[in-house]
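Q: If you scroll down you'll find the structure; I have some questions about it.
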Amino acid sequence: MAGSPRRTAGRRLQLPLLCLLLQGATAILFAVFVRYNHETDAALWHWHNHSNADNEFYFRYPSFQDVHTMIFVGFGFLMVFLQRYGFSSVGFTFLSAAFALQWSTLVQGFFHSFHRGHIHVGVERLGRLSFCSWPCWRWCCLASTSLCSLVSSGVLYRPQLEKSKHRQGSVYHSDLFAMIGTIFLWIFWPSFNSAPTTLGDGQHRSALNTYYSLTASTLSTFALSALVGRDGRLDMVHIQNAALAGGVVVGTSAEMMLTPFGALVAGFLAGTVSTLGYKFFTPTLESKLKVQDTCGVHNLHGMPGVLGALLGVLVAGLATHEAYGDGLESVFPLLAKGQRSATSQAMHQLFGLFVTLIFASVGGSLGGLLLRLPFLDAPPDSQCYEDQVYWEVPGEHEDLAQGPLRAEELETQA
Amino acid sequence: MAGSPRRTAGRRLQLPLLCLLLQGATAILFAVFVRYNHETDAALWHWHNHSNADNEFYFRYPSFQDVHTMIFVGFGFLMVFLQRYGFSSVGFTFLSAAFALQWSTLVQGFFHSFHRGHIHVGVERLGRLSFCSWPCWRWCCLASTSLCSLVSSGVLYRPQLEKSKHRQGSVYHSDLFAMIGTIFLWIFWPSFNSAPTTLGDGQHRSALNTYYSLTASTLSTFALSALVGRDGRLDMVHIQNAALAGGVVVGTSAEMMLTPFGALVAGFLAGTVSTLGYKFFTPTLESKLKVQDTCGVHNLHGMPGVLGALLGVLVAGLATHEAYGDGLESVFPLLAKGQRSATSQAMHQLFGLFVTLIFASVGGSLGGLLLRLPFLDAPPDSQCYEDQVYWEVPGEHEDLAQGPLRAEELETQA
Amino acid sequence: MAGSPRRTAGRRLQLPLLCLLLQGATAILFAVFVRYNHETDAALWHWHNHSNADNEFYFRYPSFQDVHTMIFVGFGFLMVFLQRYGFSSVGFTFLSAAFALQWSTLVQGFFHSFHRGHIHVGVERLGRLSFCSWPCWRWCCLASTSLCSLVSSGVLYRPQLEKSKHRQGSVYHSDLFAMIGTIFLWIFWPSFNSAPTTLGDGQHRSALNTYYSLTASTLSTFALSALVGRDGRLDMVHIQNAALAGGVVVGTSAEMMLTPFGALVAGFLAGTVSTLGYKFFTPTLESKLKVQDTCGVHNLHGMPGVLGALLGVLVAGLATHEAYGDGLESVFPLLAKGQRSATSQAMHQLFGLFVTLIFASVGGSLGGLLLRLPFLDAPPDSQCYEDQVYWEVPGEHEDLAQGPLRAEELETQA
């Protein structure tokens, strides 16, 4: 079942070298730059004579843990629906998220907590991960990831991928594992949207709006899925993904005075757009544009993300001193200081949306081309969505549909 | 595999219409009535010059998230033990819980936070779901749900259900999925019992009592399950359900001065009664009374619930100013104000139990009759516990016992 | 499929009697000794005129719940990788953890909160479980469990265990269940390390250090697993276990001023040592020393634990008033009071390590001999790792490799 000797040697070294290199680099940067902040440093904390109960830990840690549960359990299991890609889905999400925690400490630190030559860390900093203060920016991160993968997927189009087609399906229990992912994402998305806001009413409101939006996207997803399904049957792929669109769509505006009714409407539209995307757009994307979007990032993050950015533009444009009172300061600091009008804030956010779309398209294309470089040793088309390329898989695959991958299939293009 | 054209058209529209109707109704009611409260409204919060760390969010949100995890993950996966009903179990719990979040905002709001024509919402209100202040009332909700389903199950008795019998069983992995449900319910039941209490010692005591009660019901469930099992073997159905009876039994009394010893005794009895119910009562219920109680609501919520209500009567009757001090005010406000004696409080709770039992019987019968109405299009007896009625199911059911449902079986009574 | 009548009768009574005996004993001790503390007792709490928001519940409960999720979900599912031992793994973890919650109330209480003849309980006490104040002691508990099981495993060596060998393997979905365990352990290990510390910077720092250490052990585990794997493939057993070594290794030192860089280095070494242990040491242990370490306790808790104790010695030896400021009081009280030098503190911890190793070896041997006593009725060698010995298992084991256990196999040594 082994590949050719050269190929095997390459694979044996590739992942270890990548991990060691990345870990070595961050370790050196940590040694030079990263220090405890005044909430985590024993001497600094006790110097200020704080009451221990005031430590920001007690206000941030529960949301912080929710976000980690969401990322590791939610995203980890969401992709397990692929019948032979469960190990890779859970395992590689695990690896990338672990590294992202280190990396984001550095990136976030350089931009947001770099003082006197050092990055100062505590739970609230670590929790931001790839979040940023400007709420719209947060959306950009998600949307560009989504777009990048789509565009690079186009650049990477694999004409022989049909050979892996049978592995793109699910089996009964793999769909149940994926629902573990969905449900944990759903429950903790309110924490994800509210974690990076300032303490107080803003965090409270973000969580509440996200909850209402998620409930509405769940209802519209079930409604639409049955409406467009074969014989009116529900499709697990829709439920697993589109039900979460309500969390994405309020990503930018959850902290704003969206109103509970506004959250319901936003969530309902997002669930509708996302379900219809899975049903009608993904097949078109693949047959016409040659883009393979197995995870449906376009439908879960792409369209609801663009919708959410536009919603953010709208709600920002309607912001008044009357509606926000002194709370305007923390949601729209530039408005509160009189440096921007609501309309100008809305225009800035709209401009940000276009910049993001352009960056993501260019970045995605470059990323896709990069991944085509031969030394990166991507698996041949016929081995996509197959755990055995990277994992020791137990022999008794009785609950998989096609029996173990045949040796010749693995050797084939080696 | 499709049904007759008329039937298919009906099914295609039924769920979408129901979802759209319900969502439309709540959306309108939200637009008219629901507003942010003083903890989530930017202007109101900042008007009062609060410290952001005082926002009730930081005291309520962790318990609130626990309760959601319990409902969505716990109840969602608990029923996955049915080998071909996993999608429906997780999926429909997901849908109903999402809608319940919206609906309970309205119902709770009208009764408890309706001021000047508006319902004011924040996490603490949303978290109450179907909870109410009077602790006994909370029990009523659970108990009536339980009784309702039993009684309506009797009214709905399906003489041909034997045909679906083989699908009521579990397979190895479906039982493991169900244990995910059980364990999340167990861990978060203390949050469920403590979430709706007033802040402070009452919430702390509720969580503690529930923990002790759950540990004891777990021990008695394992003991009894082995004692009555075939060849002394443990039965997964008992562990999955009766181990949780300790959470149900202290539902009314967890906030009271039950003492840790009292919690152990209550939990132990509840686990015993529940396990014996699964072993001896459920088969009788089905063969003699023609009541099909697949989820065992009677054993998990019914008997432990009645036991718990009686325990609440006892502990309330023993309440003294000496034991509660000034804390009497928050646990038994009418006692503290001298408007009721402890005995009279106990009698009121006992009366509440009888009213609940009567309401639940009548309500259950009516509900059962309602579900028999032909336009509601309930699946024929031979298709009960079968995902394929409502879901696209992956073809490769290799880990299911009987192979995919035969087309003629689906058509059969259409 | 039943055993001989005597054997069956023995099994039927063994577990029930054990559960009833243990529950009876703790219930009596609870009645005599256990009382609410000033945070959970209504009269005491309200006597002191506290603000309800100051109740320690709000600072301790989220971490407390995390630790329970870790123990019940994490450890419960971690061992489900054994293809026919899933019920036992989840079920018996559930039972033991439930009893441990009661038992630790008593043990902890007698040592740490025994005043005027009573143990006073609240969430913070219950949360400590087997934790103790001296951080090194905590490590001892884990390490001795680990060593005990190894040594008793040696004493218990089952020459015919080869017969159960085929059941020690995993199947595809059982490995995915085990990853649920791993991921929940990973996410909540920071809460486990930080829960028993004093409030404030120490708890914050413990969580942060544990996170960084876990990320590094995850990277080194993936790197090493691919490096030593067949054809460079990753091994699920490594990922499931060694990735967690970063949490074990900082068990003693997480509260200290380890620095984020120090945490990365510690985690990286722990992941490396643990992965190499699984690859090279476990097979040697079994073939040469006749020790069967199915769970790999040696590699997950043993070696990283010893490494962690040595790290604790090092970091304690380097402790200065300058680095800790007034925080020295809570991390090293004896140092702060001037009753010990940093070197002497380090020596005390080193001595503690040796004492632990000796105690664990002796205790493990005795425990192993005890388990050999015939009345304890351990299953014969050929029935190890087999759920059917203790559980009713659904007949349709289609996703298990070898079909249901044959009746004669169960009878065999009865």
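Here's how to read the names in the structure tokens: chain A, B, ... by the order shown, residue numbers from 1 in each chain, ligand numbers from 1 in the order shown.
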With a distance threshold of 7 Å and counting only C-alpha atoms, extract the residues of chain B near chain A and express them as a VMD selection string.
A: chain B and resid 2 8 11 to 13 15 to 16 19 to 20 27 30 to 31 34 to 35 39 to 43 45 to 46 52 to 53 55 57 to 58 62 68 to 69 72 to 73 95 98 to 99 122 to 123 390 to 394 396 to 399
Q: Would you compute the distance between CA of Ser287 in chain C and CA of Leu369 in chain C? Give it in Å to one decimal.
A: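 It comes out at 20.9 Å.
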Q: Running DSSP on the backbone, which parts of range 4-134 of chain A land in helix (DSSP H, G or I), as an MDAnalysis selection string?
A: chainID A and resid 5:33 42:47 52:54 57:81 86:112 123:126
Q: Figure out the distance between CA of Thr252 in chain A and CA of Gln345 in chain A, please, to one decimal in Å.
A: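 About the pair CA of Gln345 in chain A and CA of Thr252 in chain A: they are 13.1 Å apart.
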Q: One number please: CA of Val297 in chain B to CA of Gln349 in chain B, in Å, one decimal.
A: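 Interatomic distance, CA of Val297 in chain B to CA of Gln349 in chain B: 22.4 Å.
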Q: So that I can check the surroundings of Leu350 in chain A, please list as a PDB file with N, CA, C and O atoms, in the first residue's frame every protein, DNA and RNA residue that reaches within 8 Å of it, counting only C-alpha atoms and ignoring chain neighbours fewer than 2 positions away.
A:
```
ATOM      1  N   ALA A 309     -22.241  42.153   5.463  1.00  0.00           N
ATOM      2  CA  ALA A 309     -21.498  43.400   5.309  1.00  0.00           C
ATOM      3  C   ALA A 309     -22.440  44.518   4.869  1.00  0.00           C
ATOM      4  O   ALA A 309     -22.353  45.650   5.351  1.00  0.00           O
ATOM      5  N   LEU A 310     -23.350  44.195   3.949  1.00  0.00           N
ATOM      6  CA  LEU A 310     -24.323  45.195   3.497  1.00  0.00           C
ATOM      7  C   LEU A 310     -25.260  45.595   4.641  1.00  0.00           C
ATOM      8  O   LEU A 310     -25.594  46.761   4.798  1.00  0.00           O
ATOM      9  N   VAL A 313     -23.492  47.992   6.747  1.00  0.00           N
ATOM     10  CA  VAL A 313     -23.504  49.313   6.110  1.00  0.00           C
ATOM     11  C   VAL A 313     -24.826  50.030   6.424  1.00  0.00           C
ATOM     12  O   VAL A 313     -24.844  51.193   6.847  1.00  0.00           O
ATOM     13  N   ALA A 346     -20.916  54.522   7.013  1.00  0.00           N
ATOM     14  CA  ALA A 346     -21.505  53.499   6.149  1.00  0.00           C
ATOM     15  C   ALA A 346     -20.702  53.369   4.859  1.00  0.00           C
ATOM     16  O   ALA A 346     -20.405  52.254   4.397  1.00  0.00           O
ATOM     17  N   MET A 347     -20.300  54.515   4.289  1.00  0.00           N
ATOM     18  CA  MET A 347     -19.522  54.492   3.045  1.00  0.00           C
ATOM     19  C   MET A 347     -18.161  53.824   3.248  1.00  0.00           C
ATOM     20  O   MET A 347     -17.700  53.059   2.419  1.00  0.00           O
ATOM     21  N   HIS A 348     -17.543  54.142   4.390  1.00  0.00           N
ATOM     22  CA  HIS A 348     -16.256  53.504   4.694  1.00  0.00           C
ATOM     23  C   HIS A 348     -16.389  51.982   4.744  1.00  0.00           C
ATOM     24  O   HIS A 348     -15.530  51.256   4.270  1.00  0.00           O
ATOM     25  N   GLY A 352     -14.801  49.165   2.373  1.00  0.00           N
ATOM     26  CA  GLY A 352     -14.078  48.027   2.946  1.00  0.00           C
ATOM     27  C   GLY A 352     -14.515  46.709   2.325  1.00  0.00           C
ATOM     28  O   GLY A 352     -13.700  45.816   2.073  1.00  0.00           O
ATOM     29  N   LEU A 353     -15.818  46.604   2.052  1.00  0.00           N
ATOM     30  CA  LEU A 353     -16.342  45.382   1.429  1.00  0.00           C
ATOM     31  C   LEU A 353     -15.712  45.147   0.062  1.00  0.00           C
ATOM     32  O   LEU A 353     -15.253  44.044  -0.248  1.00  0.00           O
ATOM     33  N   PHE A 354     -15.630  46.222  -0.751  1.00  0.00           N
ATOM     34  CA  PHE A 354     -15.056  46.061  -2.092  1.00  0.00           C
ATOM     35  C   PHE A 354     -13.571  45.722  -2.026  1.00  0.00           C
ATOM     36  O   PHE A 354     -13.083  44.853  -2.740  1.00  0.00           O
TER      37      PHE A 354
END
```
Q: Need to verify the contact set: Phe110 in chain B, 12 Å, only C-alpha atoms, exclusion of same-chain residues closer than 2 positions in sequence. Can you return it as a list in words?
A: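 These residues fall inside the cut-off: Leu29, Phe30, Phe33, Val34, Trp103, Ser104, Thr105, Leu106, Val107, Gln108, His112, Ser113, Phe114, His115, Arg116, Gly117, His118, Ile119, His120, Val121 and Arg125 of chain B.
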